Amino acid sequence: MKSFAIIIVAAIVIAAILLPQLFFTVDETEVAVVTRFGEITSVRQTPGLNLKAPFLDAVIRYEKRLLIFDAPPDSLLTKDKKRLIIDMYARGRINDPRVFRQKFVDESDAASKAVDIISSELRREIASHDQSEIITTKRDEMLENVLIAVTPMLGEFGIKVEDVKIKRADFPGEIAESVY
């Protein structure tokens, strides 16, 4: 009787150790990449309970929802050699988790790279327009051009950009008083 109780307790202890290592869940707001020794073995995008090899497989989770790529305000030069302080952001999602995992460690690393690419393209687009056009009439067209230009660049990283927006376009402090 004592040996049977010891076997039951040992089985419960082993199950308590192995079960969390054997199963993992995927939420509807995330995608899971299963790796074995750093190599991708599978990508799970549907929510639910999944199996993995205990102690061999690692599960990396990424957001399935929209990610915000927020750039710090930057002073940019227009075509007519005037400065504007532009505060912009972009929204996008991970559309290819395999490629994304191969290129980046996590979402913050990807956000940094995406902000660099989008800011660079926005800088180029602003340099091709006059200050008055940017402030009044050409903003939507300009942002559409940026979106078209960055889509294939970020597509190489497994990211699909949904839209690019300017939060604020201000004059630098030294000329703001003369404008108003």
# chains A, B, ... in the order shown; residues from 1 in each chain; ligands from 1
$ select_by_dssp --residues "stretch 72-176 of chain A" --states "alpha helix (DSSP H)" --output "number ranges by chain"
A: 97-103, 107-126, 131-135, 139-155, 173-176
$ residues_around --residues "A:Asp116" --least-positions-apart "6" --cutoff "10 Å" --atoms "only C-alpha atoms" --output "list in words"
Phe69, Ala71, Ala110 and Leu122 of chain A
$ write_last_selection --atoms "N, CA, C and O atoms" --output "CSV table (one decimal), in the first residue's frame"
chain,number,residue,atom,x,y,z
A,69,PHE,N,4.2,52.2,-34.5
A,69,PHE,CA,5.6,52.6,-34.6
A,69,PHE,C,5.7,54.1,-34.5
A,69,PHE,O,5.4,54.9,-35.4
A,71,ALA,N,7.5,57.6,-33.9
A,71,ALA,CA,8.9,58.2,-34.1
A,71,ALA,C,8.9,59.5,-33.2
A,71,ALA,O,7.9,60.2,-33.0
A,110,ALA,N,12.0,45.5,-33.9
A,110,ALA,CA,11.3,45.8,-35.2
A,110,ALA,C,10.8,47.2,-35.2
A,110,ALA,O,10.9,47.8,-36.3
A,122,LEU,N,10.0,59.6,-45.0
A,122,LEU,CA,9.3,60.9,-44.8
A,122,LEU,C,10.2,62.1,-44.9
A,122,LEU,O,9.8,63.1,-45.5
$ residues_around --residues "A:Gln45" --least-positions-apart "5" --cutoff "12 Å" --atoms "only C-alpha atoms" --output "list in words"
Thr25, Val26, Asp27, Glu28, Thr29, Glu30, Val31, Ala32, Val33, Val34, Asn50, Ile60, Arg61, Tyr62, Glu63, Lys64, Arg65, Ile94, Asn95, Asp96, Pro97 and Arg98 of chain A
$ write_last_selection --atoms "N, CA, C and O atoms" --output "short mmCIF file (atom, residue, chain, number, x, y, z; two decimals), in the first residue's frame"
data_model
loop_
_atom_site.label_atom_id
_atom_site.label_comp_id
_atom_site.auth_asym_id
_atom_site.auth_seq_id
_atom_site.Cartn_x
_atom_site.Cartn_y
_atom_site.Cartn_z
N THR A 25 -0.56 27.50 -24.87
CA THR A 25 -1.77 28.04 -25.48
C THR A 25 -1.42 29.26 -26.34
O THR A 25 -0.48 29.98 -26.06
N VAL A 26 -2.21 29.44 -27.38
CA VAL A 26 -2.09 30.61 -28.25
C VAL A 26 -3.38 31.40 -28.11
O VAL A 26 -4.47 30.86 -28.30
N ASP A 27 -3.24 32.66 -27.74
CA ASP A 27 -4.38 33.55 -27.59
C ASP A 27 -4.80 34.06 -28.97
O ASP A 27 -4.01 34.06 -29.91
N GLU A 28 -6.04 34.54 -29.09
CA GLU A 28 -6.50 35.04 -30.39
C GLU A 28 -5.82 36.34 -30.80
O GLU A 28 -5.90 36.75 -31.96
N THR A 29 -5.14 37.00 -29.88
CA THR A 29 -4.46 38.26 -30.19
C THR A 29 -2.98 38.07 -30.50
O THR A 29 -2.26 39.06 -30.64
N GLU A 30 -2.53 36.82 -30.58
CA GLU A 30 -1.11 36.59 -30.80
C GLU A 30 -0.86 35.45 -31.77
O GLU A 30 -1.75 34.68 -32.10
N VAL A 31 0.37 35.39 -32.21
CA VAL A 31 0.86 34.30 -33.04
C VAL A 31 2.07 33.72 -32.31
O VAL A 31 2.83 34.46 -31.70
N ALA A 32 2.21 32.40 -32.34
CA ALA A 32 3.31 31.75 -31.63
C ALA A 32 4.26 31.10 -32.63
O ALA A 32 3.83 30.40 -33.55
N VAL A 33 5.55 31.34 -32.44
CA VAL A 33 6.59 30.71 -33.25
C VAL A 33 7.30 29.70 -32.36
O VAL A 33 7.84 30.07 -31.31
N VAL A 34 7.29 28.45 -32.77
CA VAL A 34 7.93 27.39 -32.00
C VAL A 34 9.32 27.15 -32.59
O VAL A 34 9.46 26.92 -33.79
N ASN A 50 -1.84 23.76 -27.75
CA ASN A 50 -0.90 23.12 -28.68
C ASN A 50 0.13 22.31 -27.91
O ASN A 50 0.37 22.54 -26.73
N ILE A 60 7.89 31.54 -28.84
CA ILE A 60 8.02 33.00 -28.88
C ILE A 60 6.70 33.54 -29.39
O ILE A 60 6.20 33.11 -30.42
N ARG A 61 6.14 34.49 -28.65
CA ARG A 61 4.82 35.04 -28.99
C ARG A 61 4.96 36.45 -29.53
O ARG A 61 5.71 37.25 -28.99
N TYR A 62 4.21 36.73 -30.60
CA TYR A 62 4.17 38.06 -31.20
C TYR A 62 2.72 38.51 -31.30
O TYR A 62 1.82 37.70 -31.43
N GLU A 63 2.54 39.83 -31.29
CA GLU A 63 1.21 40.42 -31.42
C GLU A 63 0.65 40.19 -32.82
O GLU A 63 1.35 40.36 -33.80
N LYS A 64 -0.62 39.82 -32.87
CA LYS A 64 -1.31 39.70 -34.14
C LYS A 64 -2.03 41.02 -34.47
O LYS A 64 -2.34 41.29 -35.61
N ARG A 65 -2.25 41.82 -33.43
CA ARG A 65 -2.95 43.09 -33.60
C ARG A 65 -2.01 44.15 -34.18
O ARG A 65 -0.82 43.90 -34.37
N ILE A 94 2.45 42.28 -37.99
CA ILE A 94 3.35 41.21 -38.42
C ILE A 94 2.54 40.29 -39.32
O ILE A 94 1.60 39.65 -38.87
N ASN A 95 2.89 40.24 -40.60
CA ASN A 95 2.13 39.39 -41.52
C ASN A 95 2.89 38.10 -41.88
O ASN A 95 2.29 37.19 -42.41
N ASP A 96 4.18 38.04 -41.61
CA ASP A 96 4.95 36.82 -41.84
C ASP A 96 5.83 36.55 -40.62
O ASP A 96 6.96 37.02 -40.53
N PRO A 97 5.31 35.80 -39.64
CA PRO A 97 6.05 35.58 -38.40
C PRO A 97 7.39 34.86 -38.59
O PRO A 97 8.34 35.10 -37.85
N ARG A 98 7.49 34.01 -39.59
CA ARG A 98 8.75 33.30 -39.86
C ARG A 98 9.87 34.28 -40.22
O ARG A 98 10.96 34.25 -39.66
#
$ residues_around --residues "stretch 3-19 of chain A" --least-positions-apart "6" --cutoff "12 Å" --atoms "only C-alpha atoms" --output "JSON, numbers by chain"
{"A": [50, 51, 52, 53, 54, 55]}
$ write_last_selection --atoms "all heavy atoms" --output "PDB file, in the first residue's frame"
ATOM      1  N   ASN A  50      -1.835  23.758 -27.751  1.00  0.00           N
ATOM      2  CA  ASN A  50      -0.897  23.121 -28.679  1.00  0.00           C
ATOM      3  C   ASN A  50       0.131  22.307 -27.912  1.00  0.00           C
ATOM      4  O   ASN A  50       0.372  22.545 -26.730  1.00  0.00           O
ATOM      5  CB  ASN A  50      -0.173  24.189 -29.500  1.00  0.00           C
ATOM      6  CG  ASN A  50      -1.107  24.954 -30.388  1.00  0.00           C
ATOM      7  OD1 ASN A  50      -1.514  24.465 -31.415  1.00  0.00           O
ATOM      8  ND2 ASN A  50      -1.463  26.163 -29.984  1.00  0.00           N
ATOM      9  N   LEU A  51       0.765  21.381 -28.616  1.00  0.00           N
ATOM     10  CA  LEU A  51       1.823  20.548 -28.046  1.00  0.00           C
ATOM     11  C   LEU A  51       3.192  21.029 -28.501  1.00  0.00           C
ATOM     12  O   LEU A  51       3.333  21.571 -29.598  1.00  0.00           O
ATOM     13  CB  LEU A  51       1.661  19.097 -28.506  1.00  0.00           C
ATOM     14  CG  LEU A  51       0.544  18.293 -27.884  1.00  0.00           C
ATOM     15  CD1 LEU A  51       0.378  16.983 -28.622  1.00  0.00           C
ATOM     16  CD2 LEU A  51       0.811  18.048 -26.423  1.00  0.00           C
ATOM     17  N   LYS A  52       4.180  20.795 -27.655  1.00  0.00           N
ATOM     18  CA  LYS A  52       5.570  21.044 -28.020  1.00  0.00           C
ATOM     19  C   LYS A  52       6.431  20.010 -27.313  1.00  0.00           C
ATOM     20  O   LYS A  52       5.997  19.356 -26.373  1.00  0.00           O
ATOM     21  CB  LYS A  52       6.000  22.464 -27.644  1.00  0.00           C
ATOM     22  CG  LYS A  52       6.073  22.723 -26.162  1.00  0.00           C
ATOM     23  CD  LYS A  52       6.544  24.135 -25.878  1.00  0.00           C
ATOM     24  CE  LYS A  52       6.633  24.369 -24.395  1.00  0.00           C
ATOM     25  NZ  LYS A  52       7.960  24.465 -23.900  1.00  0.00           N
ATOM     26  N   ALA A  53       7.642  19.850 -27.788  1.00  0.00           N
ATOM     27  CA  ALA A  53       8.558  18.897 -27.156  1.00  0.00           C
ATOM     28  C   ALA A  53       9.067  19.507 -25.850  1.00  0.00           C
ATOM     29  O   ALA A  53       9.618  20.607 -25.850  1.00  0.00           O
ATOM     30  CB  ALA A  53       9.723  18.583 -28.079  1.00  0.00           C
ATOM     31  N   PRO A  54       8.877  18.806 -24.734  1.00  0.00           N
ATOM     32  CA  PRO A  54       9.298  19.383 -23.450  1.00  0.00           C
ATOM     33  C   PRO A  54      10.812  19.606 -23.403  1.00  0.00           C
ATOM     34  O   PRO A  54      11.591  18.764 -23.832  1.00  0.00           O
ATOM     35  CB  PRO A  54       8.878  18.346 -22.419  1.00  0.00           C
ATOM     36  CG  PRO A  54       8.115  17.299 -23.136  1.00  0.00           C
ATOM     37  CD  PRO A  54       8.287  17.505 -24.589  1.00  0.00           C
ATOM     38  N   PHE A  55      11.202  20.746 -22.890  1.00  0.00           N
ATOM     39  CA  PHE A  55      12.598  21.145 -22.662  1.00  0.00           C
ATOM     40  C   PHE A  55      13.401  21.372 -23.946  1.00  0.00           C
ATOM     41  O   PHE A  55      14.512  21.843 -23.895  1.00  0.00           O
ATOM     42  CB  PHE A  55      13.328  20.139 -21.762  1.00  0.00           C
ATOM     43  CG  PHE A  55      12.617  19.887 -20.476  1.00  0.00           C
ATOM     44  CD1 PHE A  55      11.997  18.669 -20.233  1.00  0.00           C
ATOM     45  CD2 PHE A  55      12.537  20.867 -19.501  1.00  0.00           C
ATOM     46  CE1 PHE A  55      11.322  18.425 -19.045  1.00  0.00           C
ATOM     47  CE2 PHE A  55      11.871  20.637 -18.311  1.00  0.00           C
ATOM     48  CZ  PHE A  55      11.260  19.410 -18.079  1.00  0.00           C
TER      49      PHE A  55
END
$ residues_around --residues "A:Arg123" --least-positions-apart "3" --cutoff "8 Å" --atoms "only C-alpha atoms" --output "VMD selection string"
chain A and resid 76 to 77 119 to 120 126 to 127
$ residues_around --residues "stretch 133-147 of chain A" --least-positions-apart "5" --cutoff "7 Å" --atoms "only C-alpha atoms" --output "list of chain:residue names"
A:Glu121, A:Leu122, A:Glu125, A:Asp163, A:Val164, A:Lys165
$ write_last_selection --atoms "C-alpha atoms" --output "short mmCIF file (atom, residue, chain, number, x, y, z; two decimals), in the first residue's frame"
data_model
loop_
_atom_site.label_atom_id
_atom_site.label_comp_id
_atom_site.auth_asym_id
_atom_site.auth_seq_id
_atom_site.Cartn_x
_atom_site.Cartn_y
_atom_site.Cartn_z
CA GLU A 121 11.31 58.05 -46.34
CA LEU A 122 9.30 60.88 -44.75
CA GLU A 125 9.26 63.18 -49.18
CA ASP A 163 -0.90 53.64 -42.56
CA VAL A 164 1.46 56.51 -41.84
CA LYS A 165 0.19 59.62 -40.05
#
$ select_by_dssp --residues "stretch 65-148 of chain A" --states "strand (DSSP E or B)" --output "JSON, numbers by chain"
{"A": [67, 68, 69, 70, 74, 75, 76, 77, 83, 84, 85, 86, 87, 88, 89, 90, 91, 92, 93, 94]}
$ write_last_selection --atoms "C-alpha atoms" --output "mmCIF file, in the first residue's frame"
data_model
loop_
_atom_site.group_PDB
_atom_site.id
_atom_site.type_symbol
_atom_site.label_atom_id
_atom_site.label_comp_id
_atom_site.auth_asym_id
_atom_site.auth_seq_id
_atom_site.Cartn_x
_atom_site.Cartn_y
_atom_site.Cartn_z
ATOM 1 C CA LEU A 67 1.585 47.652 -33.712
ATOM 2 C CA ILE A 68 2.303 51.362 -33.312
ATOM 3 C CA PHE A 69 5.632 52.623 -34.643
ATOM 4 C CA ASP A 70 5.971 56.013 -32.957
ATOM 5 C CA ASP A 74 12.266 65.491 -35.780
ATOM 6 C CA SER A 75 13.307 68.749 -37.423
ATOM 7 C CA LEU A 76 13.099 68.295 -41.208
ATOM 8 C CA LEU A 77 14.118 70.604 -44.043
ATOM 9 C CA ARG A 83 12.482 73.776 -41.114
ATOM 10 C CA LEU A 84 9.443 71.952 -39.777
ATOM 11 C CA ILE A 85 9.216 69.855 -36.658
ATOM 12 C CA ILE A 86 7.345 66.711 -37.654
ATOM 13 C CA ASP A 87 5.938 64.207 -35.158
ATOM 14 C CA MET A 88 4.752 61.067 -36.955
ATOM 15 C CA TYR A 89 3.658 57.508 -36.309
ATOM 16 C CA ALA A 90 2.784 54.456 -38.366
ATOM 17 C CA ARG A 91 0.621 51.426 -37.744
ATOM 18 C CA GLY A 92 1.369 47.958 -39.015
ATOM 19 C CA ARG A 93 1.179 44.291 -38.199
ATOM 20 C CA ILE A 94 3.346 41.214 -38.417
#
$ decode --residues "stretch 127-153 of chain A" --atoms "N, CA, C and O atoms" --output "compact mmCIF listing (two decimals), in the first residue's frame"
# COMPACT_ATOMS: atom_id res chain seq x y z
N ALA A 127 11.39 66.79 -48.16
CA ALA A 127 12.40 67.58 -48.87
C ALA A 127 11.98 67.88 -50.30
O ALA A 127 12.57 68.75 -50.94
N SER A 128 10.97 67.21 -50.80
CA SER A 128 10.53 67.46 -52.18
C SER A 128 9.30 68.37 -52.26
O SER A 128 8.75 68.55 -53.33
N HIS A 129 8.87 68.92 -51.12
CA HIS A 129 7.70 69.81 -51.10
C HIS A 129 8.02 71.10 -50.35
O HIS A 129 8.87 71.12 -49.45
N ASP A 130 7.31 72.16 -50.71
CA ASP A 130 7.44 73.44 -50.01
C ASP A 130 6.70 73.37 -48.67
O ASP A 130 5.77 72.58 -48.50
N GLN A 131 7.11 74.25 -47.78
CA GLN A 131 6.52 74.29 -46.44
C GLN A 131 5.01 74.53 -46.50
O GLN A 131 4.25 73.86 -45.79
N SER A 132 4.58 75.45 -47.32
CA SER A 132 3.15 75.76 -47.39
C SER A 132 2.33 74.57 -47.92
O SER A 132 1.21 74.34 -47.48
N GLU A 133 2.90 73.80 -48.84
CA GLU A 133 2.20 72.62 -49.35
C GLU A 133 2.04 71.56 -48.27
O GLU A 133 1.00 70.92 -48.17
N ILE A 134 3.07 71.38 -47.48
CA ILE A 134 3.04 70.36 -46.43
C ILE A 134 1.98 70.70 -45.39
O ILE A 134 1.24 69.83 -44.93
N ILE A 135 1.91 71.96 -45.03
CA ILE A 135 0.98 72.38 -43.99
C ILE A 135 -0.46 72.40 -44.49
O ILE A 135 -1.37 72.08 -43.74
N THR A 136 -0.67 72.74 -45.74
CA THR A 136 -2.05 72.93 -46.22
C THR A 136 -2.56 71.80 -47.11
O THR A 136 -3.46 71.08 -46.72
N THR A 137 -2.01 71.61 -48.29
CA THR A 137 -2.68 70.79 -49.30
C THR A 137 -2.09 69.41 -49.57
O THR A 137 -2.81 68.50 -49.92
N LYS A 138 -0.82 69.22 -49.44
CA LYS A 138 -0.16 68.01 -49.93
C LYS A 138 0.05 66.92 -48.86
O LYS A 138 0.68 65.92 -49.15
N ARG A 139 -0.45 67.13 -47.66
CA ARG A 139 -0.13 66.19 -46.58
C ARG A 139 -0.62 64.78 -46.88
O ARG A 139 0.14 63.82 -46.74
N ASP A 140 -1.85 64.60 -47.28
CA ASP A 140 -2.39 63.26 -47.54
C ASP A 140 -1.66 62.57 -48.69
O ASP A 140 -1.33 61.38 -48.60
N GLU A 141 -1.41 63.30 -49.75
CA GLU A 141 -0.68 62.75 -50.90
C GLU A 141 0.74 62.36 -50.50
O GLU A 141 1.24 61.30 -50.90
N MET A 142 1.36 63.19 -49.70
CA MET A 142 2.72 62.94 -49.23
C MET A 142 2.78 61.67 -48.37
O MET A 142 3.67 60.82 -48.55
N LEU A 143 1.83 61.52 -47.46
CA LEU A 143 1.80 60.34 -46.59
C LEU A 143 1.48 59.07 -47.39
O LEU A 143 2.00 58.00 -47.07
N GLU A 144 0.67 59.18 -48.40
CA GLU A 144 0.39 58.04 -49.27
C GLU A 144 1.65 57.61 -50.03
O GLU A 144 1.92 56.41 -50.17
N ASN A 145 2.45 58.58 -50.48
CA ASN A 145 3.71 58.27 -51.14
C ASN A 145 4.68 57.57 -50.19
O ASN A 145 5.39 56.63 -50.59
N VAL A 146 4.72 58.02 -48.94
CA VAL A 146 5.58 57.38 -47.93
C VAL A 146 5.12 55.94 -47.71
O VAL A 146 5.94 55.02 -47.66
N LEU A 147 3.82 55.75 -47.58
CA LEU A 147 3.28 54.41 -47.37
C LEU A 147 3.62 53.47 -48.52
O LEU A 147 4.05 52.33 -48.31
N ILE A 148 3.48 53.95 -49.73
CA ILE A 148 3.79 53.14 -50.92
C ILE A 148 5.28 52.79 -50.95
O ILE A 148 5.67 51.68 -51.30
N ALA A 149 6.13 53.74 -50.56
CA ALA A 149 7.58 53.51 -50.60
C ALA A 149 8.06 52.55 -49.51
O ALA A 149 8.96 51.73 -49.75
N VAL A 150 7.47 52.62 -48.30
CA VAL A 150 7.97 51.78 -47.21
C VAL A 150 7.35 50.39 -47.19
O VAL A 150 7.90 49.49 -46.55
N THR A 151 6.24 50.18 -47.88
CA THR A 151 5.58 48.86 -47.86
C THR A 151 6.50 47.74 -48.33
O THR A 151 6.64 46.74 -47.62
N PRO A 152 7.18 47.84 -49.48
CA PRO A 152 8.08 46.73 -49.86
C PRO A 152 9.31 46.62 -48.96
O PRO A 152 9.80 45.52 -48.72
N MET A 153 9.79 47.76 -48.45
CA MET A 153 10.98 47.71 -47.57
C MET A 153 10.67 46.95 -46.29
O MET A 153 11.46 46.10 -45.86
